[in-house]
Structure formats: structure tokens, C-alpha cells
Amino acid sequence: MKYFKPFIISFLLSCFVPTIALGQGSKKKVKYADARGIYISEKKFNECLIAGYPTQTIVEDRITVHFLSQNFIKGKLTQTENEQVRLMIEKIIGKDIDRNKVISIHLYKKNDKNLQHDIKYKRYWKWVKKNPSRIEGYLIGNKDSGIIPSPEKHVYVDSYNFFYNTFFGNSELDYNHIIFKTDGTYKLYHGNYDNLGVIDGAF
């Protein structure tokens with residue numbers, strides 16, 4: 001009899017544990033991750049969706065993972081196109097720019113708190129000021145943004161909507177970014193992206 005009770009417990013476990021495990025497996029876990037594969041909250045994931053990040057989903061036996069994909073695109077301008085872009089930037093900002101500098105442009109469709117944050121973004125402007133021979137940064141609203149130009153704050157308005165029309169296909173997103181290197185290569189960032197992260201990717 002002393003072996004009977006352990007035997008019954010063992011038998012019951014062998015019958016029910018696999019059933020429970022199968023029951024749990026039928027309801028897959030859902031996880032959310034950033035572009036580096038680091039898990040983030042569903043709330044943060046949804047905020048990134050609203051900001052315009054593309055996604056991809058991986059489905060496995062026991063888990064479904066929704067990943068944020070890299071939200072940037074690389075390209076290269078011809079020498080003529082590169083010159084035309086820089087001439088357009090000069091029209092927008094009303095002054096000549098150094099052809100040997102990287103140009104970082106942050107685009108806004110709204111005169112809102114994101115613009116105000118970027119105007120006061122000390123770490124960003126400190127980095128730009130520390131590298132005056134390497135980069136210039138501009139905050140540019142489209143023609144319907146309601147943004148008032150303020151050159152002392154690096155704020156301008158693209159009355160031609162040149163950047164949205166040329167590089168972002170009339171994007172419906174409220175924020176986009178583009179960085180132009182001196183050799184004509186560029187990188188587009190779709191959606192609300194940290195401005196400092198944009199210029200970090202340029203060097």
C-alpha cells in the first residue's frame with residue numbers, strides 16, 4: 001500500500017499534465033518587439049504603429065511575435081539631383097549651405113508639441129553645434145502646417161512641399177525625416193523618429 005499512493009499521483013500527472021499543456025499551447029502567446037528584437041509593451045508597439053513604423057509578424061507553434069521593422073530607406077542621388085536638392089534647401093532657408101556638410105531635415109505637418117520638443121531638444125542642438133563643419137540641421141514644416149518660420153530656432157516652411165512630394169510620396173504621416181550626405185546618398189525615416197537618432201545614423 002505504501003507504493004499505491006505515489007503510483008496514483010504519478011498516473012494522474014501523466015494523464016492530466018500533457019492535457020493541460022496542450023490546452024495552454026492552443027492559446028498562443030502574443031509578444032511585441034522593436035526592430036532589434038527587444039520585447040516592448042503592446043502600448044508602445046501601438047504608438048509606433050500610429051507613428052508610421054512598418055511591421056512584420058512571425059508565427060511559431062506556441063508564440064506570435066509582432067516586430068517593428070526598420071523604418072528607414074536608403075537611396076542615392078545623381079550629382080545633378082544632389083545639387084538640385086541643395087539648391088532647394090537654400091531656397092527654403094534663405095541662405096547658402098556648405099556643400100561639404102551633411103544636411104539633416106526634420107519634416108512636420110503640424111505645429112504641435114513634437115515641433116516644440118525638437119526646437120528645445122538640447123542634446124540634438126548641442127551635437128550639431130559641436131560639429132559645425134560636419135552637419136546642419138533644419139526643422140521644416142510643410143505649407144499647410146501653420147508653422148511660422150523662425151530662423152533663430154532653425155524652423156522653416158517648405159512652401160513648395162518639395163520634400164514630401166519628392167521623397168515621401170505625399171506621406172500622410174505627420175512627421176518624417178531625411179538626411180543627405182555629401183556624396184549624394186540619403187536616408188529617409190518614416191514617422192516620428194528621435195532627431196538625435198537620425199543624425200547618429202549619418203556618421
# chains A, B, ... in the order shown; residues from 1 in each chain; ligands from 1

$ residues_around --residues "Leu188 of chain A" --least-positions-apart "5" --cutoff "12 Å" --atoms "only C-alpha atoms" --output "PDB file with N, CA and C atoms, in the first residue's frame"
ATOM      1  N   GLN A  70      12.622  48.082 -39.468  1.00  0.00           N
ATOM      2  CA  GLN A  70      13.362  49.333 -39.633  1.00  0.00           C
ATOM      3  C   GLN A  70      12.525  50.270 -40.484  1.00  0.00           C
ATOM      4  N   ASN A  71      12.374  51.488 -40.041  1.00  0.00           N
ATOM      5  CA  ASN A  71      11.507  52.419 -40.761  1.00  0.00           C
ATOM      6  C   ASN A  71      12.305  53.424 -41.585  1.00  0.00           C
ATOM      7  N   PHE A  72      13.437  52.962 -42.135  1.00  0.00           N
ATOM      8  CA  PHE A  72      14.186  53.883 -42.985  1.00  0.00           C
ATOM      9  C   PHE A  72      14.501  53.233 -44.331  1.00  0.00           C
ATOM     10  N   ILE A  73      14.731  54.090 -45.308  1.00  0.00           N
ATOM     11  CA  ILE A  73      15.046  53.649 -46.667  1.00  0.00           C
ATOM     12  C   ILE A  73      16.292  54.396 -47.120  1.00  0.00           C
ATOM     13  N   LYS A  74      17.207  53.682 -47.727  1.00  0.00           N
ATOM     14  CA  LYS A  74      18.432  54.303 -48.238  1.00  0.00           C
ATOM     15  C   LYS A  74      18.314  54.518 -49.744  1.00  0.00           C
ATOM     16  N   GLY A  75      18.974  55.556 -50.223  1.00  0.00           N
ATOM     17  CA  GLY A  75      18.994  55.817 -51.660  1.00  0.00           C
ATOM     18  C   GLY A  75      20.188  56.677 -52.021  1.00  0.00           C
ATOM     19  N   LYS A  76      20.341  56.942 -53.304  1.00  0.00           N
ATOM     20  CA  LYS A  76      21.448  57.804 -53.737  1.00  0.00           C
ATOM     21  C   LYS A  76      20.992  58.691 -54.888  1.00  0.00           C
ATOM     22  N   SER A 104      20.615  67.536 -42.317  1.00  0.00           N
ATOM     23  CA  SER A 104      19.585  66.764 -41.622  1.00  0.00           C
ATOM     24  C   SER A 104      18.288  67.576 -41.595  1.00  0.00           C
ATOM     25  N   ILE A 105      17.229  67.006 -42.192  1.00  0.00           N
ATOM     26  CA  ILE A 105      15.961  67.723 -42.299  1.00  0.00           C
ATOM     27  C   ILE A 105      14.868  66.932 -41.590  1.00  0.00           C
ATOM     28  N   HIS A 106      14.146  67.620 -40.722  1.00  0.00           N
ATOM     29  CA  HIS A 106      13.053  67.019 -39.966  1.00  0.00           C
ATOM     30  C   HIS A 106      11.767  67.718 -40.396  1.00  0.00           C
ATOM     31  N   LEU A 107      10.808  66.932 -40.881  1.00  0.00           N
ATOM     32  CA  LEU A 107       9.612  67.476 -41.510  1.00  0.00           C
ATOM     33  C   LEU A 107       8.385  67.346 -40.610  1.00  0.00           C
ATOM     34  N   PHE A 163       9.879  68.355 -50.245  1.00  0.00           N
ATOM     35  CA  PHE A 163      10.384  67.120 -49.641  1.00  0.00           C
ATOM     36  C   PHE A 163       9.310  66.036 -49.542  1.00  0.00           C
ATOM     37  N   TYR A 164       8.097  66.422 -49.130  1.00  0.00           N
ATOM     38  CA  TYR A 164       7.020  65.433 -49.076  1.00  0.00           C
ATOM     39  C   TYR A 164       6.702  64.899 -50.464  1.00  0.00           C
ATOM     40  N   THR A 166       8.575  64.902 -53.222  1.00  0.00           N
ATOM     41  CA  THR A 166       9.680  64.252 -53.924  1.00  0.00           C
ATOM     42  C   THR A 166      10.124  62.956 -53.271  1.00  0.00           C
ATOM     43  N   PHE A 167      10.195  62.938 -51.949  1.00  0.00           N
ATOM     44  CA  PHE A 167      10.792  61.792 -51.264  1.00  0.00           C
ATOM     45  C   PHE A 167       9.803  60.919 -50.489  1.00  0.00           C
ATOM     46  N   PHE A 168       8.654  61.463 -50.129  1.00  0.00           N
ATOM     47  CA  PHE A 168       7.748  60.701 -49.273  1.00  0.00           C
ATOM     48  C   PHE A 168       6.394  60.410 -49.923  1.00  0.00           C
ATOM     49  N   GLY A 169       6.290  60.659 -51.240  1.00  0.00           N
ATOM     50  CA  GLY A 169       5.067  60.304 -51.945  1.00  0.00           C
ATOM     51  C   GLY A 169       3.817  60.867 -51.311  1.00  0.00           C
ATOM     52  N   SER A 171       3.300  61.569 -48.214  1.00  0.00           N
ATOM     53  CA  SER A 171       3.064  60.781 -46.995  1.00  0.00           C
ATOM     54  C   SER A 171       1.975  61.403 -46.125  1.00  0.00           C
ATOM     55  N   TYR A 175       5.031  63.256 -39.364  1.00  0.00           N
ATOM     56  CA  TYR A 175       6.459  63.529 -39.188  1.00  0.00           C
ATOM     57  C   TYR A 175       7.269  62.590 -40.084  1.00  0.00           C
ATOM     58  N   ASN A 176       8.299  63.150 -40.695  1.00  0.00           N
ATOM     59  CA  ASN A 176       9.244  62.360 -41.485  1.00  0.00           C
ATOM     60  C   ASN A 176      10.604  63.037 -41.395  1.00  0.00           C
ATOM     61  N   HIS A 177      11.639  62.310 -41.755  1.00  0.00           N
ATOM     62  CA  HIS A 177      12.994  62.853 -41.661  1.00  0.00           C
ATOM     63  C   HIS A 177      13.790  62.385 -42.869  1.00  0.00           C
ATOM     64  N   ILE A 178      14.746  63.206 -43.254  1.00  0.00           N
ATOM     65  CA  ILE A 178      15.659  62.812 -44.333  1.00  0.00           C
ATOM     66  C   ILE A 178      17.027  63.422 -44.069  1.00  0.00           C
ATOM     67  N   ILE A 179      18.040  62.620 -44.315  1.00  0.00           N
ATOM     68  CA  ILE A 179      19.409  63.103 -44.108  1.00  0.00           C
ATOM     69  C   ILE A 179      20.194  62.915 -45.397  1.00  0.00           C
ATOM     70  N   PHE A 180      20.840  63.984 -45.855  1.00  0.00           N
ATOM     71  CA  PHE A 180      21.596  63.970 -47.103  1.00  0.00           C
ATOM     72  C   PHE A 180      23.090  64.016 -46.792  1.00  0.00           C
ATOM     73  N   LYS A 181      23.822  63.047 -47.316  1.00  0.00           N
ATOM     74  CA  LYS A 181      25.275  63.075 -47.176  1.00  0.00           C
ATOM     75  C   LYS A 181      25.883  63.801 -48.371  1.00  0.00           C
ATOM     76  N   TYR A 193      10.394  59.936 -35.344  1.00  0.00           N
ATOM     77  CA  TYR A 193      11.680  59.315 -35.019  1.00  0.00           C
ATOM     78  C   TYR A 193      12.509  60.314 -34.228  1.00  0.00           C
ATOM     79  N   VAL A 198      18.484  60.161 -35.835  1.00  0.00           N
ATOM     80  CA  VAL A 198      18.621  60.398 -37.273  1.00  0.00           C
ATOM     81  C   VAL A 198      20.044  60.815 -37.615  1.00  0.00           C
ATOM     82  N   ILE A 199      20.589  61.762 -36.872  1.00  0.00           N
ATOM     83  CA  ILE A 199      21.943  62.213 -37.199  1.00  0.00           C
ATOM     84  C   ILE A 199      23.002  61.213 -36.748  1.00  0.00           C
ATOM     85  N   GLY A 201      22.821  58.175 -37.236  1.00  0.00           N
ATOM     86  CA  GLY A 201      22.916  57.225 -38.341  1.00  0.00           C
ATOM     87  C   GLY A 201      23.627  57.779 -39.549  1.00  0.00           C
ATOM     88  N   ALA A 202      24.063  59.024 -39.488  1.00  0.00           N
ATOM     89  CA  ALA A 202      24.688  59.655 -40.650  1.00  0.00           C
ATOM     90  C   ALA A 202      26.200  59.530 -40.657  1.00  0.00           C
TER      91      ALA A 202
END

$ residues_around --residues "Ile89 of chain A" --least-positions-apart "4" --cutoff "12 Å" --atoms "only C-alpha atoms" --output "list in words"
Asn82, Glu83, Gln84, Val85, Ile93, Gly94, Lys95, Asp96, Ile97, Asp98, Arg99, Ile103, Ser104, Ile105, Glu136, Gly137, Tyr138, Leu139, Ile140, Tyr156, Val157, Asp158, Ser159, Tyr160, Asn161, Phe162, Phe163 and Phe180 of chain A

$ write_last_selection --atoms "N, CA and C atoms" --output "mmCIF file, in the first residue's frame"
data_model
loop_
_atom_site.group_PDB
_atom_site.id
_atom_site.type_symbol
_atom_site.label_atom_id
_atom_site.label_comp_id
_atom_site.auth_asym_id
_atom_site.auth_seq_id
_atom_site.Cartn_x
_atom_site.Cartn_y
_atom_site.Cartn_z
ATOM 1 N N ASN A 82 21.604 65.815 -56.567
ATOM 2 C CA ASN A 82 22.171 66.275 -55.294
ATOM 3 C C ASN A 82 22.286 67.797 -55.281
ATOM 4 N N GLU A 83 22.719 68.350 -56.394
ATOM 5 C CA GLU A 83 22.852 69.806 -56.495
ATOM 6 C C GLU A 83 21.476 70.471 -56.461
ATOM 7 N N GLN A 84 20.505 69.870 -57.139
ATOM 8 C CA GLN A 84 19.152 70.443 -57.150
ATOM 9 C C GLN A 84 18.529 70.439 -55.759
ATOM 10 N N VAL A 85 18.749 69.361 -55.014
ATOM 11 C CA VAL A 85 18.215 69.271 -53.650
ATOM 12 C C VAL A 85 18.817 70.358 -52.783
ATOM 13 N N ILE A 93 15.548 77.908 -46.812
ATOM 14 C CA ILE A 93 16.123 78.533 -45.614
ATOM 15 C C ILE A 93 16.632 79.953 -45.884
ATOM 16 N N GLY A 94 16.727 80.315 -47.155
ATOM 17 C CA GLY A 94 17.098 81.682 -47.496
ATOM 18 C C GLY A 94 18.565 82.012 -47.334
ATOM 19 N N LYS A 95 19.424 80.995 -47.412
ATOM 20 C CA LYS A 95 20.872 81.257 -47.349
ATOM 21 C C LYS A 95 21.636 80.103 -47.987
ATOM 22 N N ASP A 96 22.898 80.358 -48.294
ATOM 23 C CA ASP A 96 23.738 79.322 -48.885
ATOM 24 C C ASP A 96 24.083 78.257 -47.844
ATOM 25 N N ILE A 97 24.267 77.028 -48.321
ATOM 26 C CA ILE A 97 24.709 75.960 -47.431
ATOM 27 C C ILE A 97 26.030 75.393 -47.943
ATOM 28 N N ASP A 98 26.808 74.886 -47.040
ATOM 29 C CA ASP A 98 28.109 74.311 -47.364
ATOM 30 C C ASP A 98 27.918 72.957 -48.028
ATOM 31 N N ARG A 99 28.460 72.785 -49.233
ATOM 32 C CA ARG A 99 28.310 71.534 -49.971
ATOM 33 C C ARG A 99 29.098 70.383 -49.335
ATOM 34 N N ILE A 103 23.313 67.282 -44.385
ATOM 35 C CA ILE A 103 22.127 68.089 -44.102
ATOM 36 C C ILE A 103 21.053 67.179 -43.505
ATOM 37 N N SER A 104 20.615 67.536 -42.317
ATOM 38 C CA SER A 104 19.585 66.764 -41.622
ATOM 39 C C SER A 104 18.288 67.576 -41.595
ATOM 40 N N ILE A 105 17.229 67.006 -42.192
ATOM 41 C CA ILE A 105 15.961 67.723 -42.299
ATOM 42 C C ILE A 105 14.868 66.932 -41.590
ATOM 43 N N GLU A 136 24.464 70.318 -40.692
ATOM 44 C CA GLU A 136 23.488 71.362 -40.413
ATOM 45 C C GLU A 136 22.132 70.690 -40.258
ATOM 46 N N GLY A 137 21.321 71.181 -39.314
ATOM 47 C CA GLY A 137 20.014 70.598 -39.076
ATOM 48 C C GLY A 137 18.912 71.635 -39.198
ATOM 49 N N TYR A 138 17.782 71.224 -39.799
ATOM 50 C CA TYR A 138 16.666 72.141 -40.009
ATOM 51 C C TYR A 138 15.343 71.466 -39.663
ATOM 52 N N LEU A 139 14.451 72.222 -39.041
ATOM 53 C CA LEU A 139 13.097 71.780 -38.744
ATOM 54 C C LEU A 139 12.192 72.465 -39.755
ATOM 55 N N ILE A 140 11.538 71.679 -40.602
ATOM 56 C CA ILE A 140 10.808 72.263 -41.728
ATOM 57 C C ILE A 140 9.353 71.791 -41.746
ATOM 58 N N TYR A 156 11.734 76.425 -40.439
ATOM 59 C CA TYR A 156 11.431 76.972 -41.757
ATOM 60 C C TYR A 156 10.162 76.317 -42.302
ATOM 61 N N VAL A 157 9.658 76.845 -43.415
ATOM 62 C CA VAL A 157 8.482 76.272 -44.059
ATOM 63 C C VAL A 157 8.802 75.974 -45.518
ATOM 64 N N ASP A 158 8.481 74.765 -45.932
ATOM 65 C CA ASP A 158 8.661 74.346 -47.322
ATOM 66 C C ASP A 158 7.380 74.687 -48.083
ATOM 67 N N SER A 159 7.310 75.898 -48.616
ATOM 68 C CA SER A 159 6.089 76.361 -49.287
ATOM 69 C C SER A 159 5.842 75.629 -50.598
ATOM 70 N N TYR A 160 6.835 74.863 -51.049
ATOM 71 C CA TYR A 160 6.689 74.066 -52.267
ATOM 72 C C TYR A 160 6.240 72.626 -51.958
ATOM 73 N N ASN A 161 6.286 72.256 -50.685
ATOM 74 C CA ASN A 161 6.088 70.854 -50.278
ATOM 75 C C ASN A 161 7.027 69.931 -51.059
ATOM 76 N N PHE A 162 8.214 70.437 -51.309
ATOM 77 C CA PHE A 162 9.188 69.720 -52.130
ATOM 78 C C PHE A 162 9.568 68.373 -51.528
ATOM 79 N N PHE A 163 9.879 68.355 -50.245
ATOM 80 C CA PHE A 163 10.384 67.120 -49.641
ATOM 81 C C PHE A 163 9.310 66.036 -49.542
ATOM 82 N N PHE A 180 20.840 63.984 -45.855
ATOM 83 C CA PHE A 180 21.596 63.970 -47.103
ATOM 84 C C PHE A 180 23.090 64.016 -46.792
#

$ select_by_dssp --residues "chain A" --states "strand (DSSP E or B)" --output "JSON, numbers by chain"
{"A": [29, 30, 31, 32, 33, 39, 55, 56, 57, 58, 59, 63, 64, 65, 66, 67, 68, 72, 73, 74, 75, 76, 102, 103, 104, 105, 106, 107, 108, 135, 136, 137, 138, 139, 140, 141, 142, 150, 155, 156, 157, 158, 175, 176, 177, 178, 179, 180, 185, 186, 187, 188, 189, 190]}

$ closest_residue --among "A:Lys122, A:Lys28, A:Arg86, A:Lys113" --to "Asp174 of chain A" --atoms "only C-alpha atoms"
A:Lys113

$ decode --residues "segment 26-149 of chain A" --atoms "C-alpha atoms" --output "short mmCIF file (atom, residue, chain, number, x, y, z; two decimals), in the first residue's frame"
data_model
loop_
_atom_site.label_atom_id
_atom_site.label_comp_id
_atom_site.auth_asym_id
_atom_site.auth_seq_id
_atom_site.Cartn_x
_atom_site.Cartn_y
_atom_site.Cartn_z
CA SER A 26 -3.69 26.08 -28.17
CA LYS A 27 -3.83 29.67 -26.94
CA LYS A 28 -0.67 31.21 -28.34
CA LYS A 29 1.25 33.87 -26.51
CA VAL A 30 1.47 37.19 -28.30
CA LYS A 31 4.61 39.29 -27.88
CA TYR A 32 5.73 42.64 -29.27
CA ALA A 33 9.29 43.58 -30.16
CA ASP A 34 11.20 46.52 -31.58
CA ALA A 35 13.38 46.35 -34.70
CA ARG A 36 16.30 44.99 -32.62
CA GLY A 37 14.21 42.11 -31.32
CA ILE A 38 13.81 43.52 -27.81
CA TYR A 39 10.40 42.95 -26.31
CA ILE A 40 8.28 46.05 -25.70
CA SER A 41 4.77 46.65 -24.38
CA GLU A 42 1.70 46.42 -26.59
CA LYS A 43 1.04 50.09 -25.81
CA LYS A 44 4.50 51.15 -27.05
CA PHE A 45 4.09 48.94 -30.12
CA ASN A 46 0.76 50.57 -30.97
CA GLU A 47 2.25 54.04 -30.50
CA CYS A 48 4.91 53.14 -33.06
CA LEU A 49 2.24 51.86 -35.44
CA ILE A 50 0.45 55.19 -35.25
CA ALA A 51 3.78 56.95 -35.86
CA GLY A 52 4.19 55.02 -39.09
CA TYR A 53 6.60 52.19 -38.34
CA PRO A 54 6.25 49.20 -40.69
CA THR A 55 5.87 45.77 -39.05
CA GLN A 56 6.31 42.10 -39.65
CA THR A 57 4.84 39.11 -37.82
CA ILE A 58 6.45 35.76 -37.03
CA VAL A 59 4.12 32.91 -36.09
CA GLU A 60 5.51 29.83 -34.34
CA ASP A 61 3.87 26.86 -32.60
CA ARG A 62 3.47 28.49 -29.21
CA ILE A 63 4.01 32.18 -29.81
CA THR A 64 3.22 35.01 -32.23
CA VAL A 65 5.67 37.91 -32.28
CA HIS A 66 4.88 41.24 -33.91
CA PHE A 67 8.10 43.07 -34.80
CA LEU A 68 8.65 46.70 -35.68
CA SER A 69 10.69 46.79 -38.88
CA GLN A 70 13.36 49.33 -39.63
CA ASN A 71 11.51 52.42 -40.76
CA PHE A 72 14.19 53.88 -42.99
CA ILE A 73 15.05 53.65 -46.67
CA LYS A 74 18.43 54.30 -48.24
CA GLY A 75 18.99 55.82 -51.66
CA LYS A 76 21.45 57.80 -53.74
CA LEU A 77 21.04 60.94 -55.82
CA THR A 78 22.87 61.64 -59.03
CA GLN A 79 25.30 64.53 -58.95
CA THR A 80 22.70 66.74 -60.68
CA GLU A 81 19.92 65.67 -58.30
CA ASN A 82 22.17 66.27 -55.29
CA GLU A 83 22.85 69.81 -56.49
CA GLN A 84 19.15 70.44 -57.15
CA VAL A 85 18.21 69.27 -53.65
CA ARG A 86 20.78 71.55 -52.05
CA LEU A 87 19.61 74.49 -54.15
CA MET A 88 16.04 73.82 -52.98
CA ILE A 89 17.20 73.74 -49.35
CA GLU A 90 18.86 77.13 -49.90
CA LYS A 91 15.57 78.50 -51.28
CA ILE A 92 13.68 77.26 -48.25
CA ILE A 93 16.12 78.53 -45.61
CA GLY A 94 17.10 81.68 -47.50
CA LYS A 95 20.87 81.26 -47.35
CA ASP A 96 23.74 79.32 -48.88
CA ILE A 97 24.71 75.96 -47.43
CA ASP A 98 28.11 74.31 -47.36
CA ARG A 99 28.31 71.53 -49.97
CA ASN A 100 30.72 69.65 -47.70
CA LYS A 101 28.22 69.20 -44.88
CA VAL A 102 25.63 66.58 -44.10
CA ILE A 103 22.13 68.09 -44.10
CA SER A 104 19.59 66.76 -41.62
CA ILE A 105 15.96 67.72 -42.30
CA HIS A 106 13.05 67.02 -39.97
CA LEU A 107 9.61 67.48 -41.51
CA TYR A 108 6.39 68.43 -39.74
CA LYS A 109 2.78 68.63 -40.89
CA LYS A 110 1.59 70.14 -37.62
CA ASN A 111 2.58 73.00 -35.37
CA ASP A 112 2.39 70.86 -32.24
CA LYS A 113 4.22 69.66 -29.14
CA ASN A 114 6.58 67.47 -31.19
CA LEU A 115 7.90 70.52 -33.01
CA GLN A 116 8.23 72.43 -29.74
CA HIS A 117 10.10 69.48 -28.23
CA ASP A 118 12.53 69.38 -31.17
CA ILE A 119 13.12 73.13 -31.03
CA LYS A 120 14.21 72.73 -27.40
CA TYR A 121 15.99 69.39 -27.85
CA LYS A 122 19.26 70.38 -26.12
CA ARG A 123 21.20 67.18 -26.79
CA TYR A 124 20.43 67.39 -30.50
CA TRP A 125 21.40 71.03 -30.94
CA LYS A 126 24.44 70.60 -28.72
CA TRP A 127 25.66 67.81 -31.03
CA VAL A 128 25.05 69.96 -34.13
CA LYS A 129 26.88 72.93 -32.59
CA LYS A 130 29.82 70.73 -31.62
CA ASN A 131 30.17 69.61 -35.25
CA PRO A 132 29.76 72.84 -37.25
CA SER A 133 31.99 71.65 -40.09
CA ARG A 134 30.12 68.35 -40.49
CA ILE A 135 26.38 68.92 -40.26
CA GLU A 136 23.49 71.36 -40.41
CA GLY A 137 20.01 70.60 -39.08
CA TYR A 138 16.67 72.14 -40.01
CA LEU A 139 13.10 71.78 -38.74
CA ILE A 140 10.81 72.26 -41.73
CA GLY A 141 7.02 72.45 -41.86
CA ASN A 142 5.01 71.85 -44.99
CA LYS A 143 3.00 74.68 -46.49
CA ASP A 144 -0.22 73.78 -44.67
CA SER A 145 1.35 73.12 -41.27
CA GLY A 146 0.59 76.51 -39.72
CA ILE A 147 4.23 76.72 -38.66
CA ILE A 148 5.75 80.21 -38.61
CA PRO A 149 9.37 80.38 -39.82
#
